[in-house]
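First the structure, in the form of structure tokens, and then the observations on it.
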Amino acid sequence: MNFTKSQCPYCGVGCGLKMKPKSSVSDDKWLVSGDRDSPSTQGKLCVKGATVCETLKDGRLKEPLYRENLNEEFKEISWDESYEILKENILSSIKNYGPNSIAMYGSGQFHTEDYYVAQKLLKGAIGTNNFDANSRLCMSSAVAGYNRSFGSDGPPCCYEDIDHCSLILLIGTNTAECHPVLFDRIKKRKRNVNDNLKVIVIDPRETETSSIADFYLQISSGTDLFLFIGIANYLYKNKLTNQNFIDKSTESYFDFVKHIQKWDLKKISEICDISEKTIIDIAKLWGESKNVLSLWSMGLNQRQEGTAAVNGLINLHLMTGQIGKEGSGPFSLTGQPNAMGGREAGGLSHLLPGYRFVKNKIDRNEIEKIWGFPEGKISAKQGLSAFEQIEAIKKGSVKIWWIAATNPLVSMPNLNFVKKALLKCPLIILNESYEQSESIKYAHLVLPAAQWSEKDGVMTNSERRVTLCPSFRESNKNSKPDWQIFAELGQKIGYFKQFEYESSSEVYDEFLKTTTKRLCDMSGLSYQLLKNNGPQQWPYPKGSVPSKSSKRLYEDGFFPTETGKANFCIDDPIGLAEPPSDAYPLILTIGRYLGQWHTMTRTSKVQKLTKKNPEPLLEINSKDALSLKIKNDEIVKIKSKRGEVQAKVQITDKIKVGTVFLPMHWGFSQKNMCEVNSLMHEKSCPISKQPELKACSVIIVPN
Ligand SMILES: Nc1nc2c(c(=O)[nH]1)N[C@H]1C(S)=C(S)[C@@H](COP(=O)(O)OP(=O)(O)OC[C@H]3O[C@@H](n4cnc5c(=O)[nH]c(N)nc54)[C@H](O)[C@@H]3O)O[C@H]1N2
Ligand SMILES: Nc1nc2c(c(=O)[nH]1)N[C@H]1C(S)=C(S)[C@@H](COP(=O)(O)OP(=O)(O)OC[C@H]3O[C@@H](n4cnc5c(=O)[nH]c(N)nc54)[C@H](O)[C@@H]3O)O[C@H]1N2
Ligand code: SF4
Ligand SMILES: [Mo]
């Protein structure tokens, strides 16, 4: 056997890949194909997965780099010197300013082992819960939404549900470009003339995703929660509900019904800019469909009412009993390849491993025990979320900021504010694999990270399936896996025993203990089992039989709340944090292109991908273009209260009048730079703390 099986390190679909050397391993050229044995994706893959091995070798960071001040050049230093700098600064910061003067900002592109050791280092050894990840910008509204409705995180569905549903609702997701293999699975059903699957797509932009829709609703930005209330109203009034399920498995229905009746359809129709008839048509379709599956992503999560919007959608599933059975349920499509693993490992500032919370004493004590720290070592204080870390740096209370596997100088909102704040930070450390990251320009100490293909680890995809991702290439020069960097530092600052790991599999085995008897029980999923039996879904308690674990959560109608019942959540819709005004009359929304991955440190190296999406384009409706007197291909300025960028115009009737679109990918060091996040504001959902990265108000000025 001369191939390696792994999970694709790009999107949360988590396709199974097979890598085979083209000639010899030392050539470092690889043939990539889809793994037909993958239970999630059956051999399918998209162009990014197929070309991933072309990104791995060039432009890599090779040695640790250090400079005392940002205006100095970097000098190469050794790992020993790096650890000395880290140790000295971290210990003196703890002594002089307390552990909360240190914060780490990690990533859904970590392997679970990286995530886990980072939690132990920050929340255990250092004693601060200031660990947050880019998942805060990505999945935290889904996490909070699941917790509020069901009493626990955890997407309840599986990909097979796509094959069994009779109605699929795609809302705030451009599945065709961002989760292409799942989109193809839906498309395949739509192509079959004997299949009566109905598809609803809701998005202010008509995308490739809407090309398969029976109903495409061009909703006004930020009004989805209003629409859910409208649909709920119709379902209630027309008795299209599942009273049995409501009685047996839910709470607060009475209050919920009172709440939704405050809103009439006419008002909702005006706010959402969707006709009353269309709202009725889709509500009826939902109510009369046997199995309803909804898929959502950033169009719902990235809102100041992201959590409420997620709960609004879940409420519809609860009213109609569309959960816990084949072909139904509210399914959050995770963005990054291991955002799910991050949640399991406790990788946000309010979480601990095994779906636990820092605020819960029993949870803390259980983890302290597994970690080998005395009771009370983990702080009861919730840590700082992603943007709160930036604000704390600006205030001067965070003095050491450690960034790992994310590129915040492109992906954080309000970048001009972020840059000013970071210039005040005495020490910024960056674990990064590539030379291209914009964040290097703001770092003092850069640590070269071994990445996917060079280290062993596991990742969990959107359907709770865990895959072993073994190393199959030589590690890049002096780079080290993130978990190893964290563990070695843990030992240097005095916790030798706690961080004594021989291999990533030892880290993983310890992590598994934190999941025992939890909803996300993975205690039976050792490296060996995953190696022998392939990817497996959790829950997978010790002793489970491979490939026999249950595919869906909540099949018994019992939820992990105190009462065992799911909650109807009651929230008044509020809409956008920064609606258009006379000074900034248009809504700017930001998203992704099929051929590029986030800040392009990898995808910009592949010709096939850059050819597909060579530059950022400002999508604008022809009516808006006409009134602004701008033409196709013209370069215009886009201004918000916070910043200004330039981009080439693409006139299209596929975007809603009054809304414009830019992609997120081109940061300040790219040739076609278009630093969109210098325009965006950081106003966030008060529950999930996820910023509203999908909308701000702008004005377009012809050049
Ligand atoms: N090619 C590619 N694939 C990726 C990624 C990538 O960088 N490139 N990144 C991965 C990651 S981490 C993530 S999080 C996912 C993101 O996956 P998606 O969320 O599908 O992608 P986006 O393009 O960010 O946004 C999706 C859609 O939300 C719409 N939208 C904006 N505002 C609203 C609104 O108010 N209501 C509704 N209903 N829709 C709205 C936008 O018009 C856009 O079409 O993609 C993953 N997959
Ligand atoms: N306006 C707006 N802003 C957004 C979004 C949006 O829709 N609109 N989306 C948000 C979302 S959902 C996300 S997920 C973020 C994504 O934003 P980022 O996380 O900033 O994007 P990436 O380019 O994926 O950054 C990952 C970095 O890790 C490096 N890397 C890769 N592998 C490894 C490794 O193994 N170890 C280490 N240490 N480094 C590694 C890569 O080279 C890259 O620099 O952007 C967010 N920002
Ligand atoms: S769909 Fe996502 S996981 Fe699958 S190959 Fe493409 S990028 Fe990779
Ligand atoms: Mo994401």
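Every chain in the structure tokens has a letter given in the order shown (A, B, ...), and although residue numbers restart at 1 in each chain, ligands are simply numbered from 1 in the order shown.
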
Name each residue within 12 Å of ligand 4, counting only C-alpha atoms and all ligand atoms, as a PyMOL selection string. chain A and resi 10-12+107-109+133-142+173+178-179+297-299+301-302+332-340+406+411-412+591-592+597-599+664+690+693

Select from segment 423-533 of chain A everything DSSP, run on the backbone, classes as strand (DSSP E or B), then give the selection as a PyMOL selection string. chain A and resi 427-432+434+445-449+457-460+465-469+480

Could you list the protein, DNA and RNA residues that have any atom within 9 Å of ligand 3, counting only C-alpha atoms and all ligand atoms, and write them as a ChimeraX atom specification? /A:7-17,34,41,44-52,177-183,335-337,461,594,597

Hey, what's within 9 Å of segment 644-647 of chain A if we count only C-alpha atoms and toss same-chain stuff fewer than 5 positions away? As a PyMOL selection string, please? chain A and resi 615-618+633-639+662+672-676+678-679+703

Could you pull the residues within 9 Å of segment 269-282 of chain A, counting only C-alpha atoms, minus those fewer than 2 positions along the same chain, as a ChimeraX atom specification? /A:200,215,217-224,226-227,230-231,234,264-267,284-287

I want to know what sits within 8 Å of Leu422 of chain A, based on only C-alpha atoms, with residues of the same chain fewer than 5 positions away left out; could you give that as a ChimeraX atom specification? /A:390,393-394,442

Go through A:Gly321, A:Pro156, A:Gly372, A:Gly667 one by one, measure the shortest atom-to-atom distance of each to ligand 2 using only C-alpha atoms and all ligand atoms, and give the residue with the smallest value.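 Checking each of A:Gly321, A:Pro156, A:Gly372, A:Gly667 against ligand 2, counting only C-alpha atoms and all ligand atoms, the winner is A:Gly667.
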
Find the residue from A:Thr601, A:Thr320, A:Ser101, A:Asn621 that sits nearest to Lys654 of chain A; use only C-alpha atoms when measuring. A:Asn621

List the neighbours of Ala577 of chain A out to 9 Å using only C-alpha atoms; skip same-chain residues closer than 6 positions along the sequence, and give me the result as number ranges by chain. A: 222, 303-305, 681, 683-684, 692, 695-696

Output the selection as a PDB file, in the first residue's frame - N, CA and C atoms for each residue.
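As written to disk, again.pdb reads:
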```pdb
ATOM      1  N   GLY A 222     -29.812  40.679   6.744  1.00  0.00           N
ATOM      2  CA  GLY A 222     -30.001  40.756   8.198  1.00  0.00           C
ATOM      3  C   GLY A 222     -31.431  40.618   8.682  1.00  0.00           C
ATOM      4  N   ARG A 303     -23.844  37.684  12.512  1.00  0.00           N
ATOM      5  CA  ARG A 303     -24.815  38.758  12.675  1.00  0.00           C
ATOM      6  C   ARG A 303     -24.828  39.195  14.124  1.00  0.00           C
ATOM      7  N   GLN A 304     -25.217  40.451  14.346  1.00  0.00           N
ATOM      8  CA  GLN A 304     -25.358  40.861  15.746  1.00  0.00           C
ATOM      9  C   GLN A 304     -26.471  40.075  16.425  1.00  0.00           C
ATOM     10  N   GLU A 305     -27.366  39.455  15.646  1.00  0.00           N
ATOM     11  CA  GLU A 305     -28.364  38.564  16.255  1.00  0.00           C
ATOM     12  C   GLU A 305     -28.175  37.152  15.716  1.00  0.00           C
ATOM     13  N   HIS A 681     -17.363  46.643  10.690  1.00  0.00           N
ATOM     14  CA  HIS A 681     -17.385  46.978  12.128  1.00  0.00           C
ATOM     15  C   HIS A 681     -17.321  45.688  12.950  1.00  0.00           C
ATOM     16  N   LYS A 683     -19.234  45.086  15.763  1.00  0.00           N
ATOM     17  CA  LYS A 683     -20.412  44.857  16.634  1.00  0.00           C
ATOM     18  C   LYS A 683     -20.821  43.393  16.551  1.00  0.00           C
ATOM     19  N   SER A 684     -21.077  42.817  17.729  1.00  0.00           N
ATOM     20  CA  SER A 684     -21.198  41.359  17.805  1.00  0.00           C
ATOM     21  C   SER A 684     -22.499  40.934  18.460  1.00  0.00           C
ATOM     22  N   GLU A 692     -20.551  40.833  13.388  1.00  0.00           N
ATOM     23  CA  GLU A 692     -21.420  40.878  12.203  1.00  0.00           C
ATOM     24  C   GLU A 692     -20.562  41.075  10.946  1.00  0.00           C
ATOM     25  N   ALA A 695     -22.125  42.330   7.119  1.00  0.00           N
ATOM     26  CA  ALA A 695     -22.748  43.571   6.663  1.00  0.00           C
ATOM     27  C   ALA A 695     -22.192  44.807   7.348  1.00  0.00           C
ATOM     28  N   CYS A 696     -21.940  45.839   6.529  1.00  0.00           N
ATOM     29  CA  CYS A 696     -21.759  47.183   7.070  1.00  0.00           C
ATOM     30  C   CYS A 696     -22.252  48.147   5.997  1.00  0.00           C
TER      31      CYS A 696
END
```

What's the separation between atom CA of Tyr216 of chain A and atom CA of Pro204 of chain A, in Å to one decimal place? 9.7 Å
